[in-house]
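J.: For reference, the file target_31.pdb (PDB, C-alpha atoms) is included below:
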ATOM      1  CA  MET A 305       2.776  14.228 -33.053  1.00  0.00           C
ATOM      2  CA  PHE A 306       5.016  15.189 -35.985  1.00  0.00           C
ATOM      3  CA  GLY A 307       3.746  18.747 -36.365  1.00  0.00           C
ATOM      4  CA  LYS A 308       4.731  21.969 -34.658  1.00  0.00           C
ATOM      5  CA  LYS A 309       5.660  21.635 -30.975  1.00  0.00           C
ATOM      6  CA  SER A 310       2.933  23.011 -28.699  1.00  0.00           C
ATOM      7  CA  ASN A 311       3.813  25.797 -26.273  1.00  0.00           C
ATOM      8  CA  ILE A 312       0.622  25.341 -24.242  1.00  0.00           C
ATOM      9  CA  ILE A 313       1.158  24.746 -20.527  1.00  0.00           C
ATOM     10  CA  LYS A 314      -1.614  23.451 -18.242  1.00  0.00           C
ATOM     11  CA  VAL A 315      -1.629  25.254 -14.890  1.00  0.00           C
ATOM     12  CA  MET A 316      -3.950  26.253 -12.066  1.00  0.00           C
ATOM     13  CA  HIS A 317      -4.854  29.924 -11.670  1.00  0.00           C
ATOM     14  CA  TYR A 318      -3.973  31.118  -8.179  1.00  0.00           C
ATOM     15  CA  GLU A 319      -4.561  34.887  -8.169  1.00  0.00           C
ATOM     16  CA  GLY A 320      -4.541  38.001 -10.269  1.00  0.00           C
ATOM     17  CA  LEU A 321      -7.483  37.508 -12.631  1.00  0.00           C
ATOM     18  CA  ASN A 322     -10.849  38.636 -11.283  1.00  0.00           C
ATOM     19  CA  ASP A 323     -12.973  36.421 -13.549  1.00  0.00           C
ATOM     20  CA  PHE A 324     -10.942  33.265 -12.829  1.00  0.00           C
ATOM     21  CA  ILE A 325     -11.592  31.157  -9.739  1.00  0.00           C
ATOM     22  CA  GLN A 326      -8.631  30.342  -7.485  1.00  0.00           C
ATOM     23  CA  ASP A 327      -7.195  26.843  -8.052  1.00  0.00           C
ATOM     24  CA  TYR A 328      -9.114  26.457 -11.331  1.00  0.00           C
ATOM     25  CA  PRO A 329      -7.467  24.868 -14.382  1.00  0.00           C
ATOM     26  CA  CYS A 330      -6.376  26.954 -17.318  1.00  0.00           C
ATOM     27  CA  THR A 331      -3.783  26.958 -20.050  1.00  0.00           C
ATOM     28  CA  ILE A 332      -1.126  29.519 -20.804  1.00  0.00           C
ATOM     29  CA  GLU A 333       0.635  30.011 -24.096  1.00  0.00           C
ATOM     30  CA  MET A 334       3.255  32.441 -25.344  1.00  0.00           C
ATOM     31  CA  LYS A 335       2.321  33.234 -28.911  1.00  0.00           C
ATOM     32  CA  GLU A 336       4.219  35.420 -31.343  1.00  0.00           C
ATOM     33  CA  ASP A 337       3.237  38.754 -29.798  1.00  0.00           C
ATOM     34  CA  ILE A 338       0.865  37.878 -26.938  1.00  0.00           C
ATOM     35  CA  PHE A 339       0.693  35.866 -23.735  1.00  0.00           C
ATOM     36  CA  GLU A 340      -2.653  34.031 -23.741  1.00  0.00           C
ATOM     37  CA  ILE A 341      -4.449  32.677 -20.681  1.00  0.00           C
ATOM     38  CA  LYS A 342      -7.453  30.455 -21.339  1.00  0.00           C
ATOM     39  CA  ARG A 343      -9.867  29.240 -18.675  1.00  0.00           C
ATOM     40  CA  ILE A 344     -11.136  25.771 -19.562  1.00  0.00           C
ATOM     41  CA  LYS A 345     -14.892  25.899 -18.707  1.00  0.00           C
ATOM     42  CA  PRO A 346     -16.556  28.205 -19.387  1.00  0.00           C
ATOM     43  CA  GLU A 347     -13.940  29.205 -21.912  1.00  0.00           C
ATOM     44  CA  THR A 348     -12.606  32.683 -21.214  1.00  0.00           C
ATOM     45  CA  ILE A 349      -9.487  34.128 -22.818  1.00  0.00           C
ATOM     46  CA  VAL A 350      -7.305  36.880 -21.381  1.00  0.00           C
ATOM     47  CA  THR A 351      -4.323  38.225 -23.301  1.00  0.00           C
ATOM     48  CA  LEU A 352      -1.320  40.387 -22.473  1.00  0.00           C
ATOM     49  CA  SER A 353       0.876  41.873 -25.152  1.00  0.00           C
ATOM     50  CA  LYS A 354       4.564  41.081 -24.808  1.00  0.00           C
ATOM     51  CA  GLU A 355       5.158  44.814 -24.310  1.00  0.00           C
ATOM     52  CA  GLN A 356       3.037  44.762 -21.136  1.00  0.00           C
ATOM     53  CA  ILE A 357       5.070  41.965 -19.507  1.00  0.00           C
ATOM     54  CA  ILE A 358       7.843  43.106 -17.171  1.00  0.00           C
ATOM     55  CA  LYS A 359       9.040  39.687 -16.011  1.00  0.00           C
ATOM     56  CA  ILE A 360       8.108  36.051 -15.600  1.00  0.00           C
ATOM     57  CA  GLU A 361       9.355  34.226 -12.500  1.00  0.00           C
ATOM     58  CA  MET A 362       9.150  30.619 -11.392  1.00  0.00           C
ATOM     59  CA  MET A 363       9.571  29.642  -7.743  1.00  0.00           C
ATOM     60  CA  GLU A 364       8.681  27.012  -5.167  1.00  0.00           C
ATOM     61  CA  GLU A 365       5.541  27.510  -3.083  1.00  0.00           C
ATOM     62  CA  ALA A 366       7.281  28.599   0.148  1.00  0.00           C
ATOM     63  CA  LYS A 367       9.271  31.296  -1.667  1.00  0.00           C
ATOM     64  CA  PHE A 368       6.141  32.540  -3.474  1.00  0.00           C
ATOM     65  CA  MET A 369       4.108  32.688  -0.262  1.00  0.00           C
ATOM     66  CA  LEU A 370       6.874  34.545   1.567  1.00  0.00           C
ATOM     67  CA  LYS A 371       7.461  37.060  -1.240  1.00  0.00           C
ATOM     68  CA  TYR A 372       3.801  37.797  -2.048  1.00  0.00           C
ATOM     69  CA  HIS A 373       1.987  36.992   1.228  1.00  0.00           C
ATOM     70  CA  ASN A 374       4.630  37.379   3.989  1.00  0.00           C
ATOM     71  CA  ASP A 375       4.047  33.779   5.092  1.00  0.00           C
ATOM     72  CA  ASN A 376       6.106  30.763   4.038  1.00  0.00           C
ATOM     73  CA  THR A 377       3.366  28.210   4.751  1.00  0.00           C
ATOM     74  CA  THR A 378       3.042  25.461   2.170  1.00  0.00           C
ATOM     75  CA  THR A 379       0.367  22.965   1.251  1.00  0.00           C
ATOM     76  CA  ASP A 380       3.029  20.390   0.304  1.00  0.00           C
ATOM     77  CA  ARG A 381       1.768  16.882   0.973  1.00  0.00           C
ATOM     78  CA  GLY A 382       4.620  15.069  -0.699  1.00  0.00           C
ATOM     79  CA  ILE A 383       4.159  16.775  -4.073  1.00  0.00           C
ATOM     80  CA  LYS A 384       5.933  20.103  -4.534  1.00  0.00           C
ATOM     81  CA  LYS A 385       4.036  23.038  -5.998  1.00  0.00           C
ATOM     82  CA  TYR A 386       5.755  25.538  -8.243  1.00  0.00           C
ATOM     83  CA  TYR A 387       4.429  29.014  -8.972  1.00  0.00           C
ATOM     84  CA  LEU A 388       4.717  30.964 -12.192  1.00  0.00           C
ATOM     85  CA  VAL A 389       4.310  34.700 -11.654  1.00  0.00           C
ATOM     86  CA  VAL A 390       3.753  37.062 -14.574  1.00  0.00           C
ATOM     87  CA  THR A 391       4.374  40.707 -13.629  1.00  0.00           C
ATOM     88  CA  TYR A 392       2.920  43.185 -16.098  1.00  0.00           C
ATOM     89  CA  ILE A 393       1.768  46.772 -16.638  1.00  0.00           C
ATOM     90  CA  SER A 394      -2.033  47.019 -16.703  1.00  0.00           C
ATOM     91  CA  LYS A 395      -4.068  49.217 -19.058  1.00  0.00           C
ATOM     92  CA  GLU A 396      -4.324  51.661 -16.114  1.00  0.00           C
ATOM     93  CA  LYS A 397      -0.473  51.843 -16.094  1.00  0.00           C
ATOM     94  CA  GLU A 398      -0.219  49.977 -12.750  1.00  0.00           C
ATOM     95  CA  GLU A 399       2.220  47.148 -12.026  1.00  0.00           C
ATOM     96  CA  LYS A 400       0.278  43.953 -11.299  1.00  0.00           C
ATOM     97  CA  TYR A 401       0.882  40.227 -11.322  1.00  0.00           C
ATOM     98  CA  ILE A 402      -0.901  36.985 -12.162  1.00  0.00           C
ATOM     99  CA  ALA A 403       0.113  33.803 -10.349  1.00  0.00           C
ATOM    100  CA  PHE A 404      -0.348  30.216 -11.519  1.00  0.00           C
ATOM    101  CA  TRP A 405       0.723  26.970  -9.887  1.00  0.00           C
ATOM    102  CA  GLY A 406       1.496  23.484 -11.006  1.00  0.00           C
ATOM    103  CA  THR A 407       3.386  20.376  -9.987  1.00  0.00           C
ATOM    104  CA  SER A 408       6.375  18.712 -11.603  1.00  0.00           C
TER     105      SER A 408
END
Using structure tokens, write down the structure that the file contains.

T.:
Amino acid sequence: MFGKKSNIIKVMHYEGLNDFIQDYPCTIEMKEDIFEIKRIKPETIVTLSKEQIIKIEMMEEAKFMLKYHNDNTTTDRGIKKYYLVVTYISKEKEEKYIAFWGTS
């Protein structure tokens, strides 16, 4: 409560990580030199170095679906979803992205 402020954000994995199920809870945290993604159960940790990250975007569901899936359909049932998209360079030197979603 009085200690260091936590930078951990609880989100749902949407796509981009093969070992993570879609719509499964995880946490993300920007540490000093890495971006850490942690699946809750079973615990699995994936990290990206800050040098690998090209950009981080946040957008509403309809904009995300249109940009990444050419369809602006939403699952909005009164609660807006927001997507966080991390675009990065993979170890194979390819541009890829990981998408997470959450609500406000």

J.: So that I can see what lies close to Thr351 (chain A), please list as a compact mmCIF listing (two decimals) with C-alpha atoms, in the coordinates of the input the residues with an atom at most 12 Å from it, counting all atoms listed in the file and leaving out residues fewer than 3 positions away in the same chain.

T.:
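Output contents, as saved in selection_3.txt:
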# COMPACT_ATOMS: atom_id res chain seq x y z
CA LEU A 321 -7.48 37.51 -12.63
CA THR A 331 -3.78 26.96 -20.05
CA ILE A 332 -1.13 29.52 -20.80
CA GLU A 333 0.64 30.01 -24.10
CA MET A 334 3.26 32.44 -25.34
CA LYS A 335 2.32 33.23 -28.91
CA ASP A 337 3.24 38.75 -29.80
CA ILE A 338 0.86 37.88 -26.94
CA PHE A 339 0.69 35.87 -23.74
CA GLU A 340 -2.65 34.03 -23.74
CA ILE A 341 -4.45 32.68 -20.68
CA LYS A 342 -7.45 30.46 -21.34
CA ARG A 343 -9.87 29.24 -18.68
CA THR A 348 -12.61 32.68 -21.21
CA LYS A 354 4.56 41.08 -24.81
CA GLU A 355 5.16 44.81 -24.31
CA GLN A 356 3.04 44.76 -21.14
CA ILE A 357 5.07 41.96 -19.51
CA VAL A 390 3.75 37.06 -14.57
CA TYR A 392 2.92 43.18 -16.10
CA SER A 394 -2.03 47.02 -16.70
CA LYS A 395 -4.07 49.22 -19.06
CA ILE A 402 -0.90 36.98 -12.16

J.: What's the separation between CA of Tyr401 (chain A) and CA of Tyr328 (chain A), in Å to one decimal place?

T.: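 One can read the CA of Tyr401 (chain A) to CA of Tyr328 (chain A) distance as 17.0 Å.
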
J.: I need the residue nearest Lys385 (chain A) from this list: A:His373, A:Lys397, A:Lys367, A:Lys359. Use all atoms listed in the file for the distance.

T.: A:Lys367

J.: Would you mind reading off the distance between CA of Met369 (chain A) and CA of Cys330 (chain A), one decimal, in Å?

T.: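 A separation of 20.8 Å between them.
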
J.: Nearest to Gly320 (chain A): which of A:Met363, A:Leu370, A:Val350, A:Ile344 is it, counting only C-alpha atoms?

T.: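 Of all the options, A:Val350 lies closest to Gly320 (chain A).
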
J.: Calculate how many Å separate CA of Ala403 (chain A) from CA of Tyr387 (chain A), rounding to one decimal.

T.: 6.6 Å

J.: So, counting only C-alpha atoms, which residue among A:Glu319, A:Glu396, A:Glu365, A:Glu347 is closest to Arg381 (chain A)?

T.: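 That would be A:Glu365, the residue with the smallest distance to Arg381 (chain A).
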
J.: Taking the file as I've supplied it (selection: the PyMOL selection byres ((chain A and resi 316) around 9)), which residues are included? Please answer as a JSON list (two decimals) with C-alpha atoms, in the frame of the given file.

T.:
[["chain", "number", "residue", "atom", "x", "y", "z"],
["A", 314, "LYS", "CA", -1.61, 23.45, -18.24],
["A", 315, "VAL", "CA", -1.63, 25.25, -14.89],
["A", 317, "HIS", "CA", -4.85, 29.92, -11.67],
["A", 318, "TYR", "CA", -3.97, 31.12, -8.18],
["A", 326, "GLN", "CA", -8.63, 30.34, -7.48],
["A", 327, "ASP", "CA", -7.20, 26.84, -8.05],
["A", 328, "TYR", "CA", -9.11, 26.46, -11.33],
["A", 329, "PRO", "CA", -7.47, 24.87, -14.38],
["A", 330, "CYS", "CA", -6.38, 26.95, -17.32],
["A", 331, "THR", "CA", -3.78, 26.96, -20.05],
["A", 403, "ALA", "CA", 0.11, 33.80, -10.35],
["A", 404, "PHE", "CA", -0.35, 30.22, -11.52],
["A", 405, "TRP", "CA", 0.72, 26.97, -9.89],
["A", 406, "GLY", "CA", 1.50, 23.48, -11.01]]

J.: With 3 Å of padding per side, what axis-aligned box (centre and edge lengths, Å, one decimal) covers all the listed atoms of region 316-321 of chain A? Give it as AutoDock Vina command-line options.

T.:
--center_x -5.7 --center_y 32.1 --center_z -10.4 --size_x 9.5 --size_y 17.7 --size_z 10.5

J.: Ranking A:Pro346, A:Val389, A:Glu336, A:Asp380 by minimum distance to Asn311 (chain A) and counting all atoms listed in the file, which one comes first?

T.: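 The shortest atom-to-atom distance to Asn311 (chain A) comes from A:Glu336.
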
J.: With distances taken over all atoms listed in the file, which residue among A:Asp375, A:Ile325, A:Lys400, A:Leu388 lies nearest Ile313 (chain A)?

T.: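 Smallest distance to Ile313 (chain A) is found for A:Leu388.
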
J.: Ranking A:Ile393, A:Thr379, A:Asn322, A:Lys384 by minimum distance to Ser353 (chain A) and counting only C-alpha atoms, which one comes first?

T.: A:Ile393
